$ cat final-v5.cif   # mmCIF, C-alpha atoms
data_final
#
loop_
_atom_site.label_atom_id
_atom_site.label_comp_id
_atom_site.auth_asym_id
_atom_site.auth_seq_id
_atom_site.Cartn_x
_atom_site.Cartn_y
_atom_site.Cartn_z
CA MET A 110 169.42 79.59 169.40
CA LEU A 111 168.40 81.06 166.08
CA PRO A 112 168.47 84.86 165.76
CA PHE A 113 165.01 85.04 164.20
CA SER A 114 161.50 83.93 165.17
CA ILE A 115 160.03 80.98 163.39
CA GLU A 116 157.37 78.38 163.99
CA LEU A 117 157.24 75.69 161.35
CA LYS A 118 153.78 74.46 160.44
CA PRO A 119 152.93 71.40 158.38
CA GLY A 120 151.39 71.88 154.93
CA ARG A 121 153.81 74.29 153.29
CA PRO A 122 157.28 73.51 152.03
CA VAL A 123 159.72 74.02 154.90
CA ALA A 124 162.16 76.03 152.77
CA GLU A 125 159.43 78.50 151.85
CA GLN A 126 158.52 78.98 155.52
CA ILE A 127 162.12 79.61 156.60
CA LEU A 128 162.69 82.06 153.75
CA PHE A 129 159.63 84.00 154.77
CA ALA A 130 160.62 84.04 158.47
CA VAL A 131 164.12 85.33 157.68
CA LYS A 132 162.87 88.10 155.39
CA LYS A 133 160.34 89.15 157.97
CA ALA A 134 163.03 89.21 160.67
CA VAL A 135 165.13 91.48 158.44
CA VAL A 136 162.25 93.88 157.82
CA THR A 137 161.26 94.05 161.49
CA GLY A 138 164.88 94.62 162.56
CA GLN A 139 165.24 91.30 164.39
CA LEU A 140 168.14 90.63 162.03
CA ARG A 141 170.34 93.67 161.44
CA PRO A 142 172.72 94.39 158.55
CA GLY A 143 176.19 92.99 159.26
CA GLU A 144 174.85 90.43 161.72
CA LYS A 145 176.14 86.88 161.38
CA PHE A 146 173.67 84.38 159.96
CA PRO A 147 173.64 80.75 161.20
CA SER A 148 175.46 78.15 159.12
CA VAL A 149 173.62 75.45 157.18
CA ARG A 150 174.45 72.92 159.90
CA VAL A 151 173.19 75.11 162.76
CA LEU A 152 170.06 75.98 160.81
CA SER A 153 169.33 72.32 160.10
CA GLN A 154 170.04 71.20 163.67
CA GLU A 155 168.04 73.96 165.35
CA LEU A 156 165.00 73.51 163.13
CA LYS A 157 165.52 69.76 162.77
CA VAL A 158 165.20 70.05 159.03
CA ASN A 159 167.02 68.33 156.21
CA PRO A 160 170.44 69.91 155.56
CA ASN A 161 169.55 70.05 151.86
CA THR A 162 166.62 72.28 152.76
CA ALA A 163 168.79 74.50 154.96
CA HIS A 164 171.34 74.78 152.16
CA LYS A 165 168.64 75.71 149.66
CA VAL A 166 167.37 78.45 151.98
CA VAL A 167 170.81 80.00 152.46
CA ALA A 168 171.51 79.85 148.71
CA ALA A 169 168.17 81.54 147.94
CA LEU A 170 168.81 84.27 150.52
CA VAL A 171 172.23 84.94 148.99
CA ALA A 172 170.76 84.99 145.48
CA GLU A 173 168.10 87.47 146.57
CA GLY A 174 170.69 89.72 148.19
CA VAL A 175 169.43 89.27 151.74
CA LEU A 176 172.67 87.59 152.80
CA VAL A 177 176.23 88.01 151.62
CA THR A 178 178.84 85.32 152.08
CA THR A 179 182.30 86.21 153.28
CA PRO A 180 185.04 83.60 153.22
CA ALA A 181 186.11 83.96 156.86
CA VAL A 182 182.85 84.60 158.70
CA GLY A 183 180.29 82.73 156.64
CA SER A 184 177.02 84.46 155.82
CA ILE A 185 176.06 87.87 157.15
CA VAL A 186 172.95 89.98 156.69
CA ALA A 187 173.43 92.35 153.74
CA GLU A 188 173.43 96.15 154.05
CA ARG A 189 170.35 96.62 151.90
CA ALA A 190 168.73 93.33 152.95
CA ALA A 191 165.35 94.82 153.81
CA GLY A 192 164.88 95.89 150.19
CA GLY A 193 162.57 98.60 148.90
CA ARG A 194 158.95 99.13 149.71
CA LYS A 195 157.96 96.85 146.84
CA GLU A 196 159.99 93.87 148.13
CA ARG A 197 158.65 94.41 151.61
CA ALA A 198 155.07 94.56 150.31
CA GLU A 199 155.64 91.21 148.57
CA LEU A 200 156.02 89.58 151.99
CA LEU A 201 152.32 90.21 152.45
CA GLY A 202 151.51 88.11 149.39
CA ALA A 203 150.39 84.92 151.13
CA GLU A 204 148.49 86.78 153.86
CA ALA A 205 146.75 88.98 151.31
CA GLU A 206 145.74 85.96 149.26
CA ARG A 207 144.25 84.25 152.31
CA LEU A 208 142.31 87.39 153.19
CA VAL A 209 140.91 87.65 149.67
CA VAL A 210 139.88 83.99 149.68
CA GLU A 211 138.10 84.36 153.02
CA ALA A 212 136.38 87.56 151.86
CA ARG A 213 135.16 85.88 148.68
CA LYS A 214 133.85 82.92 150.67
CA LEU A 215 131.87 85.41 152.74
CA GLY A 216 130.54 86.98 149.55
CA LEU A 217 132.18 90.37 150.23
CA GLU A 218 133.33 92.94 147.68
CA LEU A 219 136.72 94.64 147.45
CA ASP A 220 135.22 97.81 149.01
CA ASP A 221 134.11 95.87 152.08
CA VAL A 222 137.60 94.41 152.52
CA GLN A 223 139.29 97.78 152.09
CA ALA A 224 136.93 99.38 154.60
CA ALA A 225 137.59 96.59 157.12
CA LEU A 226 141.35 96.93 156.60
CA ALA A 227 141.22 100.71 157.03
CA ALA A 228 139.20 100.37 160.23
CA HIS A 229 141.72 97.93 161.72
CA TRP A 230 144.62 100.08 160.57
CA ARG A 231 143.19 103.08 162.44
CA LYS A 232 142.28 101.00 165.48
CA LEU A 233 145.95 100.03 165.86
CA GLY A 234 146.99 103.67 165.68
CA GLY A 235 148.09 103.83 162.04
CA ARG A 236 147.33 106.73 159.75
CA MET B 166 173.70 58.11 141.30
CA ASN B 167 171.35 56.14 143.52
CA ILE B 168 172.75 55.20 146.89
CA ILE B 169 170.16 52.41 147.20
CA GLU B 170 168.32 50.63 144.41
CA THR B 171 166.04 47.65 144.44
CA HIS B 172 164.72 45.82 141.41
CA ASN B 173 161.73 43.54 141.65
CA LEU B 174 162.77 42.81 145.23
CA THR B 175 160.63 40.06 146.75
CA ARG B 176 160.95 38.29 150.06
CA ARG B 177 158.73 35.47 151.24
CA PHE B 178 158.56 33.89 154.66
CA GLY B 179 156.94 30.53 154.08
CA ARG B 180 153.71 31.36 152.30
CA THR B 181 153.61 34.99 153.39
CA GLU B 182 155.02 37.55 151.00
CA ALA B 183 156.51 40.31 153.17
CA VAL B 184 157.82 42.36 150.23
CA HIS B 185 156.44 42.13 146.72
CA ALA B 186 158.32 43.16 143.56
CA LEU B 187 159.71 46.34 145.08
CA ASP B 188 161.40 48.86 142.78
CA LEU B 189 163.00 51.62 144.79
CA ALA B 190 165.57 54.27 143.92
CA VAL B 191 167.08 56.38 146.68
CA PRO B 192 169.03 59.32 145.22
CA GLU B 193 172.44 60.01 146.73
CA GLY B 194 172.33 63.03 149.03
CA SER B 195 168.69 62.57 149.99
CA VAL B 196 167.00 61.91 153.29
CA PHE B 197 164.54 59.24 152.25
CA ALA B 198 161.67 58.04 154.42
CA LEU B 199 160.08 54.64 153.96
CA LEU B 200 156.63 54.89 155.52
CA GLY B 201 153.90 52.39 156.15
CA PRO B 202 151.90 50.70 158.89
CA ASN B 203 153.42 47.99 161.07
CA GLY B 204 153.84 44.82 159.08
CA ALA B 205 154.04 46.63 155.72
CA GLY B 206 157.46 45.15 154.92
CA LYS B 207 159.72 48.05 155.91
CA SER B 208 161.99 46.12 158.26
CA THR B 209 162.19 43.19 155.86
CA THR B 210 163.30 45.59 153.11
CA ILE B 211 165.95 47.09 155.36
CA LYS B 212 167.18 43.67 156.47
CA VAL B 213 167.67 42.70 152.83
CA LEU B 214 169.54 45.97 152.19
CA MET B 215 171.83 45.25 155.15
CA ASP B 216 172.24 41.61 154.01
CA LEU B 217 170.79 40.27 157.25
CA ILE B 218 168.38 38.23 155.13
CA ARG B 219 168.50 37.27 151.45
CA PRO B 220 165.88 38.18 148.85
CA THR B 221 163.62 35.42 147.51
CA ALA B 222 163.66 37.12 144.11
CA GLY B 223 164.99 40.34 142.61
CA ASP B 224 167.92 42.22 144.05
CA ALA B 225 169.09 45.24 145.98
CA ARG B 226 172.13 47.42 145.42
CA VAL B 227 173.62 49.51 148.20
CA LEU B 228 176.44 51.98 147.41
CA GLY B 229 176.39 50.43 143.95
CA VAL B 230 177.11 46.90 145.26
CA ASP B 231 174.75 43.92 145.32
CA SER B 232 173.52 43.63 148.93
CA ARG B 233 174.64 39.99 149.02
CA ARG B 234 178.22 41.11 148.33
CA LEU B 235 178.53 43.89 150.90
CA GLY B 236 182.02 43.70 152.38
CA PRO B 237 184.10 45.60 154.94
CA ARG B 238 184.79 48.37 152.42
CA GLU B 239 181.06 49.14 152.14
CA ARG B 240 180.29 48.48 155.82
CA GLU B 241 182.76 51.22 156.80
CA GLN B 242 180.55 53.67 154.96
CA ILE B 243 177.19 52.49 156.27
CA GLY B 244 175.69 53.27 159.66
CA TYR B 245 172.79 51.05 160.69
CA VAL B 246 170.58 51.48 163.73
CA SER B 247 167.45 49.44 164.24
CA GLU B 248 164.65 49.41 166.74
CA ASN B 249 165.65 45.90 167.79
CA GLN B 250 169.40 46.46 167.80
CA GLN B 251 171.35 43.60 169.40
CA LEU B 252 174.14 45.08 171.50
CA PRO B 253 176.62 43.21 173.72
CA VAL B 254 174.81 44.15 176.90
CA TRP B 255 177.49 42.70 179.20
CA MET B 256 179.90 45.45 178.09
CA THR B 257 180.07 48.98 179.44
CA LEU B 258 179.58 51.70 176.84
CA ARG B 259 183.34 52.46 176.96
CA GLN B 260 184.20 48.80 176.33
CA TYR B 261 181.69 48.68 173.50
CA LEU B 262 183.16 51.75 171.79
CA ASP B 263 186.70 50.35 172.27
CA TYR B 264 185.43 47.20 170.58
CA CYS B 265 183.85 49.04 167.62
CA ARG B 266 186.64 51.54 166.88
CA PRO B 267 189.18 49.20 165.21
CA PHE B 268 186.64 48.15 162.58
CA TYR B 269 186.44 51.70 161.21
CA PRO B 270 189.55 53.47 159.89
CA ARG B 271 187.56 56.72 159.67
CA TRP B 272 186.45 56.64 163.32
CA ASP B 273 186.54 60.22 164.64
CA ARG B 274 187.51 60.37 168.34
CA ALA B 275 186.59 64.05 168.64
CA LEU B 276 183.14 63.37 167.21
CA GLU B 277 182.77 60.42 169.59
CA GLN B 278 183.44 62.76 172.53
CA THR B 279 181.07 65.42 171.20
CA LEU B 280 178.28 62.88 170.83
CA LEU B 281 178.94 61.34 174.26
CA ALA B 282 178.51 64.75 175.83
CA ARG B 283 175.53 65.67 173.69
CA PHE B 284 173.74 62.37 174.35
CA ASP B 285 174.55 62.57 178.04
CA LEU B 286 175.62 58.91 178.16
CA PRO B 287 177.43 57.29 181.12
CA GLU B 288 180.54 55.58 179.73
CA ASP B 289 181.14 53.23 182.64
CA ARG B 290 177.68 51.76 182.93
CA LYS B 291 176.88 48.35 181.50
CA LEU B 292 174.67 48.49 178.42
CA ALA B 293 172.28 46.11 180.18
CA HIS B 294 171.60 48.84 182.70
CA LEU B 295 170.80 51.59 180.18
CA SER B 296 167.25 52.74 179.50
CA ARG B 297 165.76 52.12 176.05
CA GLY B 298 166.37 55.73 175.02
CA MET B 299 169.99 55.57 176.16
CA LEU B 300 170.53 52.28 174.34
CA MET B 301 169.25 53.79 171.11
CA LYS B 302 171.55 56.79 171.58
CA ALA B 303 174.47 54.44 172.29
CA ALA B 304 173.68 52.47 169.12
CA LEU B 305 173.43 55.70 167.14
CA LEU B 306 176.71 57.01 168.57
CA SER B 307 178.56 53.85 167.52
CA SER B 308 177.12 54.23 164.01
CA LEU B 309 177.79 57.95 163.62
CA ALA B 310 181.34 58.17 164.99
CA TYR B 311 182.88 56.98 161.71
CA ARG B 312 180.87 59.51 159.68
CA PRO B 313 179.06 57.05 157.43
CA LYS B 314 178.11 58.05 153.93
CA LEU B 315 174.81 56.23 154.27
CA LEU B 316 172.81 56.06 157.46
CA VAL B 317 170.08 53.41 157.64
CA LEU B 318 167.63 53.84 160.51
CA ASP B 319 164.91 51.26 161.12
CA GLU B 320 162.06 52.76 163.19
CA PRO B 321 164.58 54.77 165.22
CA PHE B 322 162.06 56.87 167.13
CA SER B 323 159.48 54.36 168.26
CA GLY B 324 159.15 54.36 172.02
CA LEU B 325 161.51 57.32 172.51
CA ASP B 326 160.36 60.26 174.60
CA PRO B 327 160.35 63.70 172.90
CA LEU B 328 163.60 64.88 174.51
CA VAL B 329 165.55 61.79 173.44
CA ARG B 330 164.01 61.98 169.98
CA ASP B 331 165.21 65.57 169.71
CA GLU B 332 168.74 64.60 170.79
CA PHE B 333 168.67 61.71 168.35
CA VAL B 334 167.76 63.92 165.37
CA ARG B 335 170.39 66.51 166.32
CA GLY B 336 172.96 63.72 166.54
CA VAL B 337 172.04 62.49 163.08
CA LEU B 338 172.30 66.01 161.67
CA GLU B 339 175.65 66.50 163.39
CA VAL B 340 177.35 64.27 160.83
CA SER B 341 175.52 65.59 157.78
CA GLU B 342 177.70 66.32 154.78
CA LEU B 343 175.96 68.14 151.99
CA GLY B 344 175.56 66.22 148.78
CA GLU B 345 177.29 62.99 149.68
CA TRP B 346 175.44 62.07 152.83
CA SER B 347 172.28 60.01 152.57
CA VAL B 348 169.80 58.77 155.11
CA PHE B 349 167.29 55.96 154.67
CA ILE B 350 164.79 55.94 157.49
CA SER B 351 161.73 53.79 158.14
CA SER B 352 158.82 54.92 160.24
CA HIS B 353 155.10 54.34 160.72
CA GLU B 354 154.54 57.96 161.76
CA ILE B 355 154.79 60.62 159.10
CA GLU B 356 155.10 63.45 161.66
CA GLU B 357 158.34 61.94 162.93
CA VAL B 358 160.09 62.36 159.64
CA GLU B 359 158.30 65.03 157.65
CA ARG B 360 160.69 67.92 158.29
CA LEU B 361 163.71 65.75 157.98
CA CYS B 362 163.13 63.93 154.74
CA ASP B 363 163.03 65.19 151.17
CA TRP B 364 161.73 61.93 149.71
CA ILE B 365 158.86 59.75 150.83
CA ALA B 366 157.96 56.22 149.80
CA VAL B 367 154.93 54.43 151.14
CA LEU B 368 154.78 50.67 151.52
CA ASP B 369 151.55 48.80 152.24
CA GLU B 370 151.18 45.03 152.44
CA GLY B 371 154.63 44.66 150.92
CA ARG B 372 153.80 46.78 147.89
CA LEU B 373 155.10 50.21 146.99
CA GLN B 374 152.25 52.72 146.88
CA PHE B 375 154.30 55.69 145.69
CA ALA B 376 157.73 57.28 145.98
CA GLU B 377 158.11 60.99 145.42
CA SER B 378 159.93 64.07 146.68
CA THR B 379 158.09 65.91 149.46
CA GLU B 380 158.40 69.13 147.48
CA ALA B 381 156.59 67.61 144.50
CA LEU B 382 153.87 66.16 146.74
CA LEU B 383 153.25 69.41 148.59
CA GLY B 384 153.23 71.21 145.25
CA ARG B 385 150.70 69.08 143.42
CA PHE B 386 148.13 68.36 146.15
CA ARG B 387 145.44 70.87 147.11
CA ARG B 388 142.12 70.67 148.88
CA VAL B 389 139.63 72.65 146.82
CA GLU B 390 136.35 73.98 148.17
CA VAL B 391 133.69 75.46 145.94
CA THR B 392 130.78 77.42 147.39
CA LEU B 393 128.02 77.01 144.83
CA GLN B 394 125.76 79.95 145.75
CA GLY B 395 122.77 78.28 144.17
CA GLY B 396 124.34 77.79 140.73
CA ALA B 397 124.60 74.59 138.70
CA ALA B 398 126.95 71.79 139.67
CA ARG B 399 128.13 68.76 137.73
CA LEU B 400 129.64 66.11 139.97
CA GLU B 401 129.52 62.97 137.84
CA ALA B 402 132.59 61.57 136.08
CA PRO B 403 135.20 63.80 137.74
CA PRO B 404 138.53 64.46 135.98
CA ALA B 405 141.26 61.85 136.57
CA GLY B 406 143.19 63.95 139.08
CA TRP B 407 140.25 64.64 141.40
CA LEU B 408 139.78 62.47 144.49
CA GLU B 409 137.12 62.36 147.18
CA LEU B 410 134.71 64.64 145.34
CA GLU B 411 131.69 65.25 147.58
CA ARG B 412 128.92 67.73 148.17
CA THR B 413 126.98 68.84 151.21
CA GLY B 414 124.38 71.53 150.61
CA ASP B 415 126.07 74.36 148.75
CA LEU B 416 129.62 73.20 149.46
CA VAL B 417 131.60 71.00 147.07
CA ARG B 418 134.94 69.65 148.17
CA PHE B 419 137.62 67.58 146.47
CA VAL B 420 141.34 66.86 146.47
CA ALA B 421 143.23 67.95 143.37
CA THR B 422 146.19 65.61 142.93
CA GLN B 423 147.67 67.45 139.93
CA TYR B 424 146.94 71.01 141.00
CA GLU B 425 147.77 73.78 138.60
CA ARG B 426 146.13 77.05 139.33
CA GLU B 427 144.79 77.89 135.89
CA GLU B 428 143.85 74.37 134.89
CA THR B 429 142.05 73.63 138.17
CA GLU B 430 140.19 76.95 138.11
CA ARG B 431 139.12 76.38 134.52
CA ALA B 432 137.79 72.91 135.35
CA CYS B 433 135.90 74.36 138.33
CA ARG B 434 134.29 77.13 136.26
CA GLU B 435 133.19 74.52 133.75
CA ARG B 436 131.45 72.37 136.35
CA PHE B 437 130.37 75.02 138.85
CA PRO B 438 129.84 78.21 136.81
CA ALA B 439 128.61 80.40 139.69
CA GLY B 440 130.79 78.94 142.44
CA THR B 441 133.55 80.63 144.43
CA VAL B 442 136.69 78.57 144.60
CA ALA B 443 138.98 78.39 147.64
CA VAL B 444 142.22 76.45 147.45
CA ASN B 445 144.12 75.17 150.50
CA THR B 446 147.48 73.46 150.82
CA MET B 447 147.57 70.04 152.45
CA THR B 448 149.91 68.55 155.02
CA LEU B 449 151.92 65.46 154.15
CA ARG B 450 149.78 63.56 156.62
CA GLU B 451 146.58 64.54 154.80
CA ILE B 452 148.14 63.65 151.44
CA PHE B 453 149.28 60.32 152.87
CA ILE B 454 145.78 59.47 154.13
CA THR B 455 144.12 60.53 150.86
CA LEU B 456 146.46 58.34 148.84
CA ALA B 457 146.11 55.39 151.22
CA ARG B 458 142.33 55.59 150.95
CA ALA B 459 142.44 55.82 147.16
CA GLY B 460 144.84 52.87 147.01
CA ARG B 461 142.59 50.72 149.17
CA GLN B 462 139.55 51.53 147.02
CA ALA B 463 141.47 50.72 143.85
CA ARG B 464 142.51 47.36 145.30
CA LYS B 465 138.95 46.59 146.40
CA GLY B 466 137.74 47.51 142.91
CA ALA B 467 140.34 45.22 141.35
CA ALA B 468 139.41 42.34 143.66
CA ALA B 469 135.67 42.68 142.99
#

$ encode --input "final-v5.cif" --output "structure tokens"
Amino acid sequence: MLPFSIELKPGRPVAEQILFAVKKAVVTGQLRPGEKFPSVRVLSQELKVNPNTAHKVVAALVAEGVLVTTPAVGSIVAERAAGGRKERAELLGAEAERLVVEARKLGLELDDVQAALAAHWRKLGGR
Amino acid sequence: MNIIETHNLTRRFGRTEAVHALDLAVPEGSVFALLGPNGAGKSTTIKVLMDLIRPTAGDARVLGVDSRRLGPREREQIGYVSENQQLPVWMTLRQYLDYCRPFYPRWDRALEQTLLARFDLPEDRKLAHLSRGMLMKAALLSSLAYRPKLLVLDEPFSGLDPLVRDEFVRGVLEVSELGEWSVFISSHEIEEVERLCDWIAVLDEGRLQFAESTEALLGRFRRVEVTLQGGAARLEAPPAGWLELERTGDLVRFVATQYEREETERACRERFPAGTVAVNTMTLREIFITLARAGRQARKGAAA
């Protein structure tokens, strides 16, 4: 079993979807610093994806500092994997874009969207 | 290097041309899917690659060797499983594996045991008494146990239930070796292979429609929707990369086949000055259908 939640959907490159799922798992604490990350083979078998894709994902996560590779253990989640507020906000990119597109289709203005967001934020107990 | 290459490959059966002037290049290290409807020429292509039949014209190279000259040295590095695999059904699975082993110096007994357990196969039952799914797993096992460099799978999933299909894919991935392990897989169902493959080629009526990496395809295709909001709209003579341009009421829709954010947005502003543009990614299946439709229209146009 993989230590993070993911549901692959058709339409977007698989590597992009896995990257996103892993980063999200790190931010939400599903994956903790120091935790062992699955090998390329396990990743490819569990998700039934091309090993080249799995390899690309692991390499990208290492390059971005989310994972560190150690010779004996393989890849583990890095200490500062979750990144700063800016990196975490970037994870919202795709969702934010979709929201903006939908809002524009509905003929709404930025104010309307912000008001709707604020209302939902409060409804869910945020301040 | 290309693990498989065909040049002008043509195969006729009597008057019927099953494969027509096929040029294909399968990069080493890729998982390459050959897609197309039944009767498109996929199996014929694979049979030529495996030297089960000879080309009428052109040639094929597998592991750098002309397919007509494939010898034991190449066969040791190729695993081949087909939908209509002929197995010695009077043997038990154990007898069959005992029979196969000596042909392959690189046969891995530990891997054989792993796969036997994973595939849940009864060793002492006669192959004749195995279900279709079990037979396919047995065939796959005997082709994976020597860790082939190239795995050729002809419609491996057709008629398999989801559980067996899952086991089958896991088995295939069990022997993956990054970089020097290639898979060539034919299928008539894009969903079966879309996560697995990084290259797609489509064959229709024996002709290659396109061959491209899935990443490039997903990157360049977008469905674009423009809400006109009463403004002007120019629909005639669309740019070369636009397919299926249509309008209902205030909504214009088309498929951009060479999507680039700025360029596509600029073209939209030019034609639909007051419109709002929404851009959506497409699944491989949608891309496949769009291209098939465009190809058919082009052929009809050429015939008329």

$ atom_distance --input "final-v5.cif" --atom1 "atom CA of A:Val123" --atom2 "atom CA of A:Lys214"
27.7 Å

$ closest_residue --input "final-v5.cif" --among "A:Val158, A:Ile127, A:Ala172, A:His229" --to "B:Glu357" --atoms "only C-alpha atoms"
A:Val158

$ residues_around --input "final-v5.cif" --residues "stretch 312-316 of chain B" --least-positions-apart "3" --cutoff "6 Å" --atoms "all atoms listed in the file" --output "mmCIF file with C-alpha atoms, in the frame of the given file"
data_model
loop_
_atom_site.group_PDB
_atom_site.id
_atom_site.type_symbol
_atom_site.label_atom_id
_atom_site.label_comp_id
_atom_site.auth_asym_id
_atom_site.auth_seq_id
_atom_site.Cartn_x
_atom_site.Cartn_y
_atom_site.Cartn_z
ATOM 1 C CA GLN B 242 180.550 53.670 154.960
ATOM 2 C CA ILE B 243 177.190 52.490 156.270
ATOM 3 C CA GLY B 244 175.690 53.270 159.660
ATOM 4 C CA TYR B 245 172.790 51.050 160.690
ATOM 5 C CA LEU B 309 177.790 57.950 163.620
ATOM 6 C CA TRP B 346 175.440 62.070 152.830
ATOM 7 C CA SER B 347 172.280 60.010 152.570
ATOM 8 C CA VAL B 348 169.800 58.770 155.110
#

$ closest_residue --input "final-v5.cif" --among "B:Cys265, B:Ile169, B:Val246, B:Ala376" --to "B:Asp224" --atoms "all atoms listed in the file"
B:Ile169

$ residues_near_point --input "final-v5.cif" --point "(184.0, 49.2, 178.6)" --cutoff "10 Å" --atoms "all atoms listed in the file" --output "JSON, numbers by chain"
{"B": [255, 256, 257, 258, 259, 260, 261, 262, 263, 264, 288, 289, 290, 291, 292]}

$ closest_atom_pairs --input "final-v5.cif" --of "chain B" --to "chain A" --cutoff "9 Å" --atoms "only C-alpha atoms" --output "CSV"
residue,atom,partner,partner_atom,distance
B:Gly194,CA,A:Asn161,CA,8.1
B:Ser195,CA,A:Asn161,CA,7.8
B:Val196,CA,A:Asn159,CA,7.1
B:Asp331,CA,A:Lys157,CA,8.1
B:Val334,CA,A:Lys157,CA,6.8
B:Arg335,CA,A:Gln154,CA,5.4
B:Gly336,CA,A:Gln154,CA,8.5
B:Val337,CA,A:Gln154,CA,9.0
B:Leu338,CA,A:Gln154,CA,6.0
B:Glu339,CA,A:Gln154,CA,7.3
B:Ser341,CA,A:Pro160,CA,7.0
B:Glu342,CA,A:Pro160,CA,8.1
B:Leu343,CA,A:Asn161,CA,6.7
B:Gly344,CA,A:Asn161,CA,7.8
B:Glu356,CA,A:Pro119,CA,8.9
B:Glu359,CA,A:Pro119,CA,8.4
B:Arg360,CA,A:Val158,CA,5.0
B:Leu361,CA,A:Asn159,CA,4.6
B:Cys362,CA,A:Asn159,CA,6.1
B:Asp363,CA,A:Asn159,CA,7.2
B:Thr379,CA,A:Pro122,CA,8.1
B:Glu380,CA,A:Pro122,CA,6.4
B:Leu383,CA,A:Pro122,CA,6.7
B:Gly384,CA,A:Pro122,CA,8.2
B:Val391,CA,A:Lys214,CA,8.8
B:Thr392,CA,A:Lys214,CA,7.1
B:Thr441,CA,A:Lys214,CA,6.7
B:Val442,CA,A:Lys214,CA,8.0
B:Ala443,CA,A:Val210,CA,6.0
B:Val444,CA,A:Val210,CA,8.2
B:Thr446,CA,A:Gly120,CA,5.9
B:Met447,CA,A:Gly120,CA,4.9
B:Thr448,CA,A:Gly120,CA,3.6
B:Leu449,CA,A:Gly120,CA,6.5
B:Arg450,CA,A:Pro119,CA,8.6
B:Glu451,CA,A:Gly120,CA,8.8

$ atom_distance --input "final-v5.cif" --atom1 "atom CA of B:Phe284" --atom2 "atom CA of B:Glu320"
18.8 Å

$ decode --input "final-v5.cif" --residues "stretch 148-192 of chain A" --atoms "C-alpha atoms" --output "PDB file, in the first residue's frame"
ATOM      1  CA  SER A 148      10.807   2.766  -4.456  1.00  0.00           C
ATOM      2  CA  VAL A 149      10.298   3.350  -8.171  1.00  0.00           C
ATOM      3  CA  ARG A 150       9.261  -0.280  -8.610  1.00  0.00           C
ATOM      4  CA  VAL A 151       6.694  -0.218  -5.793  1.00  0.00           C
ATOM      5  CA  LEU A 152       5.331   3.100  -7.024  1.00  0.00           C
ATOM      6  CA  SER A 153       4.964   1.787 -10.567  1.00  0.00           C
ATOM      7  CA  GLN A 154       3.399  -1.513  -9.470  1.00  0.00           C
ATOM      8  CA  GLU A 155       0.949   0.008  -7.014  1.00  0.00           C
ATOM      9  CA  LEU A 156      -0.259   2.682  -9.410  1.00  0.00           C
ATOM     10  CA  LYS A 157       0.176   0.475 -12.476  1.00  0.00           C
ATOM     11  CA  VAL A 158       2.110   3.207 -14.201  1.00  0.00           C
ATOM     12  CA  ASN A 159       5.134   3.112 -16.443  1.00  0.00           C
ATOM     13  CA  PRO A 160       8.379   2.751 -14.441  1.00  0.00           C
ATOM     14  CA  ASN A 161       9.812   5.649 -16.445  1.00  0.00           C
ATOM     15  CA  THR A 162       7.021   7.832 -15.085  1.00  0.00           C
ATOM     16  CA  ALA A 163       7.619   6.626 -11.524  1.00  0.00           C
ATOM     17  CA  HIS A 164      11.334   7.325 -11.919  1.00  0.00           C
ATOM     18  CA  LYS A 165      10.640  10.815 -13.229  1.00  0.00           C
ATOM     19  CA  VAL A 166       8.406  11.552 -10.239  1.00  0.00           C
ATOM     20  CA  VAL A 167      10.998  10.438  -7.689  1.00  0.00           C
ATOM     21  CA  ALA A 168      13.743  12.415  -9.469  1.00  0.00           C
ATOM     22  CA  ALA A 169      11.570  15.551  -9.500  1.00  0.00           C
ATOM     23  CA  LEU A 170      10.729  15.163  -5.801  1.00  0.00           C
ATOM     24  CA  VAL A 171      14.424  14.835  -4.984  1.00  0.00           C
ATOM     25  CA  ALA A 172      15.278  17.854  -7.140  1.00  0.00           C
ATOM     26  CA  GLU A 173      12.613  19.921  -5.394  1.00  0.00           C
ATOM     27  CA  GLY A 174      13.896  18.899  -1.973  1.00  0.00           C
ATOM     28  CA  VAL A 175      10.778  16.986  -0.958  1.00  0.00           C
ATOM     29  CA  LEU A 176      12.708  13.713  -0.799  1.00  0.00           C
ATOM     30  CA  VAL A 177      16.306  12.947   0.039  1.00  0.00           C
ATOM     31  CA  THR A 178      18.020   9.781  -1.120  1.00  0.00           C
ATOM     32  CA  THR A 179      20.175   7.809   1.257  1.00  0.00           C
ATOM     33  CA  PRO A 180      22.301   4.959  -0.052  1.00  0.00           C
ATOM     34  CA  ALA A 181      21.072   2.303   2.380  1.00  0.00           C
ATOM     35  CA  VAL A 182      17.387   3.116   2.828  1.00  0.00           C
ATOM     36  CA  GLY A 183      16.409   4.624  -0.501  1.00  0.00           C
ATOM     37  CA  SER A 184      14.320   7.786  -0.503  1.00  0.00           C
ATOM     38  CA  ILE A 185      12.948   9.392   2.634  1.00  0.00           C
ATOM     39  CA  VAL A 186      10.796  12.469   3.162  1.00  0.00           C
ATOM     40  CA  ALA A 187      13.028  15.498   3.763  1.00  0.00           C
ATOM     41  CA  GLU A 188      13.043  17.521   7.000  1.00  0.00           C
ATOM     42  CA  ARG A 189      11.820  20.705   5.374  1.00  0.00           C
ATOM     43  CA  ALA A 190       9.724  18.920   2.734  1.00  0.00           C
ATOM     44  CA  ALA A 191       6.551  20.914   3.334  1.00  0.00           C
ATOM     45  CA  GLY A 192       8.333  24.099   2.259  1.00  0.00           C
TER      46      GLY A 192
END
